[in-house]
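For reference, the structure discussed in these notes is given below.
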Amino acid sequence: MTERLAPPAQRPWLCLWGGAAASLLSVGGRFDVPLAAWVAPLLLLRFLRHTRPLVALPAVFAVTVVSAAVWMAELAVPITWLTFLGDVAFGVAYGLPYAADRLLGPRAGTLGRVLLFPAAAMSVEFLLGTYGPFGTAYGMRAASQHANTALLQITALTGPYVIAFVIGAGATVGNLVWERGPHRPAPRWAAVYATAVALIVAGGQLRTMSTDTSGDTVKVAGVNPSQAAIDAETAVHGASRLAVTDPRRVDRADVRRAMRPLLDDLFRQTARAAAAGARIVVWSENAARVADEDHRAYLRQASAAADAHNVYLLVADLTYLPDAPHGRDETHLFGPDGGKLWDYEKARPIPGLEIYTPGDGRVPVVDTPYGRLANVICYDADFPAGNHIDADIVLVPGGDWPEMGRTHTAMAGLRAIENGYALVRQDFNGQSGAYDATGRLLSTQDTTTDAGVWYADVPIHGSRTPYSRTGDIVSWGVLAGTVAAAVVLARRTRRHPAPPSGSPSSARASAVGPGR
């Protein structure tokens, strides 16, 4: 039976526009549609394989760069030279798997054509999420599927980057079926892929059902500065709280004048939370703003509050220093006897936005009657490799803005699934959320409209996952295989150049590849 040739010229361009639209709806922003993350690569690959590389590749790279820009616009990411360069770098990096498919795929055979793109997509995510300055804040496909907890349970075994492989394989298998129809081996590949996805989802559902999260719980309270305290602080500084995060541009006398009403408010809310039955109280990132010379007195007050109210109290502050780096983003945990259990400095200040010296990245963990407690701060949770924590509950003070809060908290919730602990993210000016070890949302609060004390009943028993024990061994294996395959295919392509674009043999190679 005759093989299908490339479709008419107008159809690939329809695929480009459809793929571009789907890509803009799957950027990890406020308006994501989970299905769009699956549709975008399917259509973009279809366009790419049936259009000359000199035309197709710039078009696809334009889509990936614009998608990154849309992400920044949706989440109101502040535009600095570094975030702008990051936008371009994201776009180029996430376009590379498409380039590999178009330039190397025609010589890969059917098996290689199915696996090359998803393996490259997973490898790019892994490298950026582990070594990039922005971590997984942008581009991780698992974040686009956060509502599908059954699918995401596979990340407890392999890590979050495998979702990029699953979605990418759907695109290549879908194109194989699109190109060959009922001709072998397309139906076979479709059956294998459908079976694999069904097993992943069924296994995830089984894990969700079998993980006991209904046992002993502890009431955790989240505290933000009240609107009255924020208004008083703004009156002193003459600017909003978000505008005075750079400690180099703040009058230290103003910090000291604004500190007392702010601390009175935070400790008053802490007392209210304890009276309501909370045994763990966590403040949002930078909730307290303290001059260095007042820091010891502030910690003494926190110790006294924890002792008086018989709670574990995690306070969070921005401490203004007289010399460079002029600020310290940190937390301190106090036990019910008032003893200080840890000091922790943010390990991952946001590039281009936060000038603080990074902490050492050693996550503090302490045994309590409510399980093993641990703590990272906001952006720290965007780096999966730094969140393999042997804990039962991880506390994450966060500080966002309205456009970013809900999305950022959902991203952090993925760490709970991957590592088998409960996660509580208390977010200023965003969305607070508490998740159990399967990623189920236990409680949430929109902190852009509600500044009152927030409560969540959180399981006190976690369970370490394979991913938390072995780390990114699967991702390293996929990366090694991708690099090796790219080298082999590049040599094969140089030895046997593809026929000129537009010839019948070129059309067949583009549509089906050399393998049968």
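Labeling convention for the structure tokens: chains A, B, ... as they appear, residues from 1 per chain, ligands from 1 in order of appearance.
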Residues at most 8 Å from region 263-278 of chain A, counting only C-alpha atoms, excluding those fewer than 3 positions away in the same chain, as a PDB file with C-alpha atoms, in the first residue's frame?
ATOM      1  CA  VAL A 218      -1.952  18.549  63.799  1.00  0.00           C
ATOM      2  CA  LYS A 219      -3.589  21.948  63.455  1.00  0.00           C
ATOM      3  CA  VAL A 220      -1.224  24.334  61.694  1.00  0.00           C
ATOM      4  CA  ALA A 221      -1.952  28.066  61.579  1.00  0.00           C
ATOM      5  CA  VAL A 223      -0.117  34.177  59.958  1.00  0.00           C
ATOM      6  CA  ASN A 224       0.297  37.215  57.695  1.00  0.00           C
ATOM      7  CA  PRO A 225       0.586  40.848  58.722  1.00  0.00           C
ATOM      8  CA  SER A 226      -2.926  42.291  58.969  1.00  0.00           C
ATOM      9  CA  ALA A 229      -0.356  46.667  60.146  1.00  0.00           C
ATOM     10  CA  MET A 259       8.757  47.505  63.397  1.00  0.00           C
ATOM     11  CA  ARG A 260       6.908  47.725  66.707  1.00  0.00           C
ATOM     12  CA  VAL A 281       2.228  28.497  63.785  1.00  0.00           C
ATOM     13  CA  ALA A 287       6.446  38.890  57.737  1.00  0.00           C
ATOM     14  CA  ALA A 288       8.625  40.790  60.212  1.00  0.00           C
ATOM     15  CA  ALA A 302       9.409  35.080  69.660  1.00  0.00           C
ATOM     16  CA  ALA A 305       5.540  33.748  72.665  1.00  0.00           C
ATOM     17  CA  HIS A 309       1.331  29.660  74.074  1.00  0.00           C
ATOM     18  CA  ASN A 310       2.889  26.163  74.035  1.00  0.00           C
ATOM     19  CA  VAL A 311       3.362  26.101  70.249  1.00  0.00           C
ATOM     20  CA  VAL A 453      -5.306  33.583  60.552  1.00  0.00           C
ATOM     21  CA  TYR A 455      -5.779  26.923  59.605  1.00  0.00           C
TER      22      TYR A 455
END
8 Å contact set for Val282 (chain A), only C-alpha atoms, chain neighbours under 6 positions out, as a list in words: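 So, after excluding close chain neighbours, the residues are Val220, Ala221, Gly222, Val223, Leu313, Leu314, Val315, Leu395, Pro397 and Gln426 of chain A.
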Okay, now the selection with C-alpha atoms, as an mmCIF file, in the first residue's frame?
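Output below, filename out_20.cif:
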data_model
loop_
_atom_site.group_PDB
_atom_site.id
_atom_site.type_symbol
_atom_site.label_atom_id
_atom_site.label_comp_id
_atom_site.auth_asym_id
_atom_site.auth_seq_id
_atom_site.Cartn_x
_atom_site.Cartn_y
_atom_site.Cartn_z
ATOM 1 C CA VAL A 220 -1.224 24.334 61.694
ATOM 2 C CA ALA A 221 -1.952 28.066 61.579
ATOM 3 C CA GLY A 222 -0.631 30.531 59.035
ATOM 4 C CA VAL A 223 -0.117 34.177 59.958
ATOM 5 C CA LEU A 313 6.470 28.941 66.219
ATOM 6 C CA LEU A 314 8.207 29.540 62.890
ATOM 7 C CA VAL A 315 8.873 33.258 62.565
ATOM 8 C CA LEU A 395 6.836 24.488 56.228
ATOM 9 C CA PRO A 397 6.892 30.663 54.155
ATOM 10 C CA GLN A 426 1.982 30.297 54.091
#
Would you list, as a ChimeraX atom specification, the residues of region 366-461 of chain A that end up in helix (DSSP H, G or I) under DSSP run on this structure's backbone? /A:378-382,384-387,402-419
Counting only C-alpha atoms, closest pick from A:Ala235, A:Val478, A:Ala391, A:Leu85 relative to Leu116 (chain A) is A:Val478
Near Thr449 (chain A), counting only C-alpha atoms, which residues have an atom at most 9 Å away, once you skip same-chain residues fewer than 3 positions from it, shown as an NGL selection string? :A and (429-430 or 445-446)
Write the residues of the preceding selection, restricted to N, CA, C and O atoms, as an mmCIF file, in the first residue's frame.
data_model
loop_
_atom_site.group_PDB
_atom_site.id
_atom_site.type_symbol
_atom_site.label_atom_id
_atom_site.label_comp_id
_atom_site.auth_asym_id
_atom_site.auth_seq_id
_atom_site.Cartn_x
_atom_site.Cartn_y
_atom_site.Cartn_z
ATOM 1 N N ASN A 429 0.233 37.861 50.315
ATOM 2 C CA ASN A 429 -0.269 38.524 49.105
ATOM 3 C C ASN A 429 -0.361 37.575 47.918
ATOM 4 O O ASN A 429 -0.032 37.922 46.791
ATOM 5 N N GLY A 430 -0.810 36.347 48.198
ATOM 6 C CA GLY A 430 -0.939 35.352 47.137
ATOM 7 C C GLY A 430 -1.980 34.309 47.505
ATOM 8 O O GLY A 430 -3.147 34.631 47.724
ATOM 9 N N GLN A 445 -6.134 29.471 51.349
ATOM 10 C CA GLN A 445 -6.602 30.817 51.671
ATOM 11 C C GLN A 445 -6.071 31.798 50.645
ATOM 12 O O GLN A 445 -4.877 31.794 50.320
ATOM 13 N N ASP A 446 -6.952 32.608 50.099
ATOM 14 C CA ASP A 446 -6.560 33.680 49.193
ATOM 15 C C ASP A 446 -6.101 34.856 50.045
ATOM 16 O O ASP A 446 -6.913 35.598 50.601
#
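Every protein, DNA or RNA residue with an atom at most 8 Å from Thr130 (chain A), where only C-alpha atoms count and chain neighbours fewer than 6 positions away do not, is listed here: Phe383, Pro384 and Ala385 of chain A.
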Can you spit out the residues from that selection as a PDB file, in the first residue's frame, using all heavy atoms?
ATOM      1  N   PHE A 383      13.180  24.196  43.313  1.00  0.00           N
ATOM      2  CA  PHE A 383      14.317  23.384  42.911  1.00  0.00           C
ATOM      3  C   PHE A 383      14.160  21.991  43.509  1.00  0.00           C
ATOM      4  O   PHE A 383      14.543  21.755  44.665  1.00  0.00           O
ATOM      5  CB  PHE A 383      15.621  24.037  43.372  1.00  0.00           C
ATOM      6  CG  PHE A 383      15.896  25.357  42.700  1.00  0.00           C
ATOM      7  CD1 PHE A 383      15.290  26.524  43.162  1.00  0.00           C
ATOM      8  CD2 PHE A 383      16.724  25.434  41.598  1.00  0.00           C
ATOM      9  CE1 PHE A 383      15.521  27.741  42.534  1.00  0.00           C
ATOM     10  CE2 PHE A 383      16.965  26.644  40.963  1.00  0.00           C
ATOM     11  CZ  PHE A 383      16.356  27.793  41.422  1.00  0.00           C
ATOM     12  N   PRO A 384      13.585  21.062  42.755  1.00  0.00           N
ATOM     13  CA  PRO A 384      13.282  19.740  43.307  1.00  0.00           C
ATOM     14  C   PRO A 384      14.465  19.038  43.954  1.00  0.00           C
ATOM     15  O   PRO A 384      14.307  18.362  44.971  1.00  0.00           O
ATOM     16  CB  PRO A 384      12.767  18.963  42.087  1.00  0.00           C
ATOM     17  CG  PRO A 384      12.171  20.011  41.204  1.00  0.00           C
ATOM     18  CD  PRO A 384      13.071  21.211  41.371  1.00  0.00           C
ATOM     19  N   ALA A 385      15.659  19.184  43.387  1.00  0.00           N
ATOM     20  CA  ALA A 385      16.817  18.473  43.925  1.00  0.00           C
ATOM     21  C   ALA A 385      17.162  18.907  45.347  1.00  0.00           C
ATOM     22  O   ALA A 385      17.767  18.135  46.099  1.00  0.00           O
ATOM     23  CB  ALA A 385      18.036  18.681  43.018  1.00  0.00           C
TER      24      ALA A 385
END
Quick one: residues within 12 Å of Ala93 (chain A), only C-alpha atoms, excluding same-chain residues fewer than 3 positions away - as a count of residues only? 29
Would you compute the distance between CA of Thr172 (chain A) and CA of Asp472 (chain A)? Give it in Å to one decimal.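 About the pair CA of Thr172 (chain A) and CA of Asp472 (chain A): they are 24.2 Å apart.
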One decimal, Å: what's the distance from CA of Thr447 (chain A) over to CA of Asp392 (chain A), could you say?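 Calculated distance between CA of Thr447 (chain A) and CA of Asp392 (chain A) is 25.1 Å.
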Could you tell me which of A:Ile79, A:Ser144, A:Leu353, A:Asp292 comes closest to His408 (chain A) if we count only C-alpha atoms?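 Result for the nearest residue to His408 (chain A): A:Ser144.
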What separation in Å, quoted to one decimal, exists between CA of Gly215 (chain A) and CA of Gly371 (chain A)?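 Taking CA of Gly215 (chain A) and CA of Gly371 (chain A), their separation equals 12.4 Å.
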DSSP on the backbone, then: every residue of region 382-471 of chain A marked strand (DSSP E or B), written as a ChimeraX atom specification. /A:393-399,422-428,431-435,441-446,454-459
Same residues, C-alpha atoms, saved as a PDB file, in the first residue's frame:
ATOM      1  CA  ILE A 393       5.769  18.224  57.404  1.00  0.00           C
ATOM      2  CA  VAL A 394       7.670  20.862  55.443  1.00  0.00           C
ATOM      3  CA  LEU A 395       6.836  24.488  56.228  1.00  0.00           C
ATOM      4  CA  VAL A 396       7.284  26.958  53.366  1.00  0.00           C
ATOM      5  CA  PRO A 397       6.892  30.663  54.155  1.00  0.00           C
ATOM      6  CA  GLY A 398       6.222  32.435  50.860  1.00  0.00           C
ATOM      7  CA  GLY A 399       5.935  35.979  49.612  1.00  0.00           C
ATOM      8  CA  ALA A 422       2.874  17.123  53.874  1.00  0.00           C
ATOM      9  CA  LEU A 423       3.642  20.676  52.792  1.00  0.00           C
ATOM     10  CA  VAL A 424       2.270  23.922  54.230  1.00  0.00           C
ATOM     11  CA  ARG A 425       2.956  27.104  52.286  1.00  0.00           C
ATOM     12  CA  GLN A 426       1.982  30.297  54.091  1.00  0.00           C
ATOM     13  CA  ASP A 427       1.982  32.969  51.402  1.00  0.00           C
ATOM     14  CA  PHE A 428       1.871  36.738  51.716  1.00  0.00           C
ATOM     15  CA  GLN A 431      -2.454  31.949  47.917  1.00  0.00           C
ATOM     16  CA  SER A 432      -1.636  29.815  50.936  1.00  0.00           C
ATOM     17  CA  GLY A 433      -2.079  26.063  50.652  1.00  0.00           C
ATOM     18  CA  ALA A 434      -1.591  22.842  52.619  1.00  0.00           C
ATOM     19  CA  TYR A 435      -1.054  19.531  50.800  1.00  0.00           C
ATOM     20  CA  LEU A 441      -5.205  20.127  48.794  1.00  0.00           C
ATOM     21  CA  LEU A 442      -6.204  20.136  52.469  1.00  0.00           C
ATOM     22  CA  SER A 443      -6.882  23.819  52.966  1.00  0.00           C
ATOM     23  CA  THR A 444      -6.264  27.084  51.161  1.00  0.00           C
ATOM     24  CA  GLN A 445      -6.602  30.817  51.671  1.00  0.00           C
ATOM     25  CA  ASP A 446      -6.560  33.680  49.193  1.00  0.00           C
ATOM     26  CA  TRP A 454      -5.520  30.500  58.331  1.00  0.00           C
ATOM     27  CA  TYR A 455      -5.779  26.923  59.605  1.00  0.00           C
ATOM     28  CA  ALA A 456      -5.105  23.461  58.185  1.00  0.00           C
ATOM     29  CA  ASP A 457      -5.289  20.009  59.786  1.00  0.00           C
ATOM     30  CA  VAL A 458      -2.143  18.320  58.494  1.00  0.00           C
ATOM     31  CA  PRO A 459      -1.137  14.610  58.686  1.00  0.00           C
TER      32      PRO A 459
END
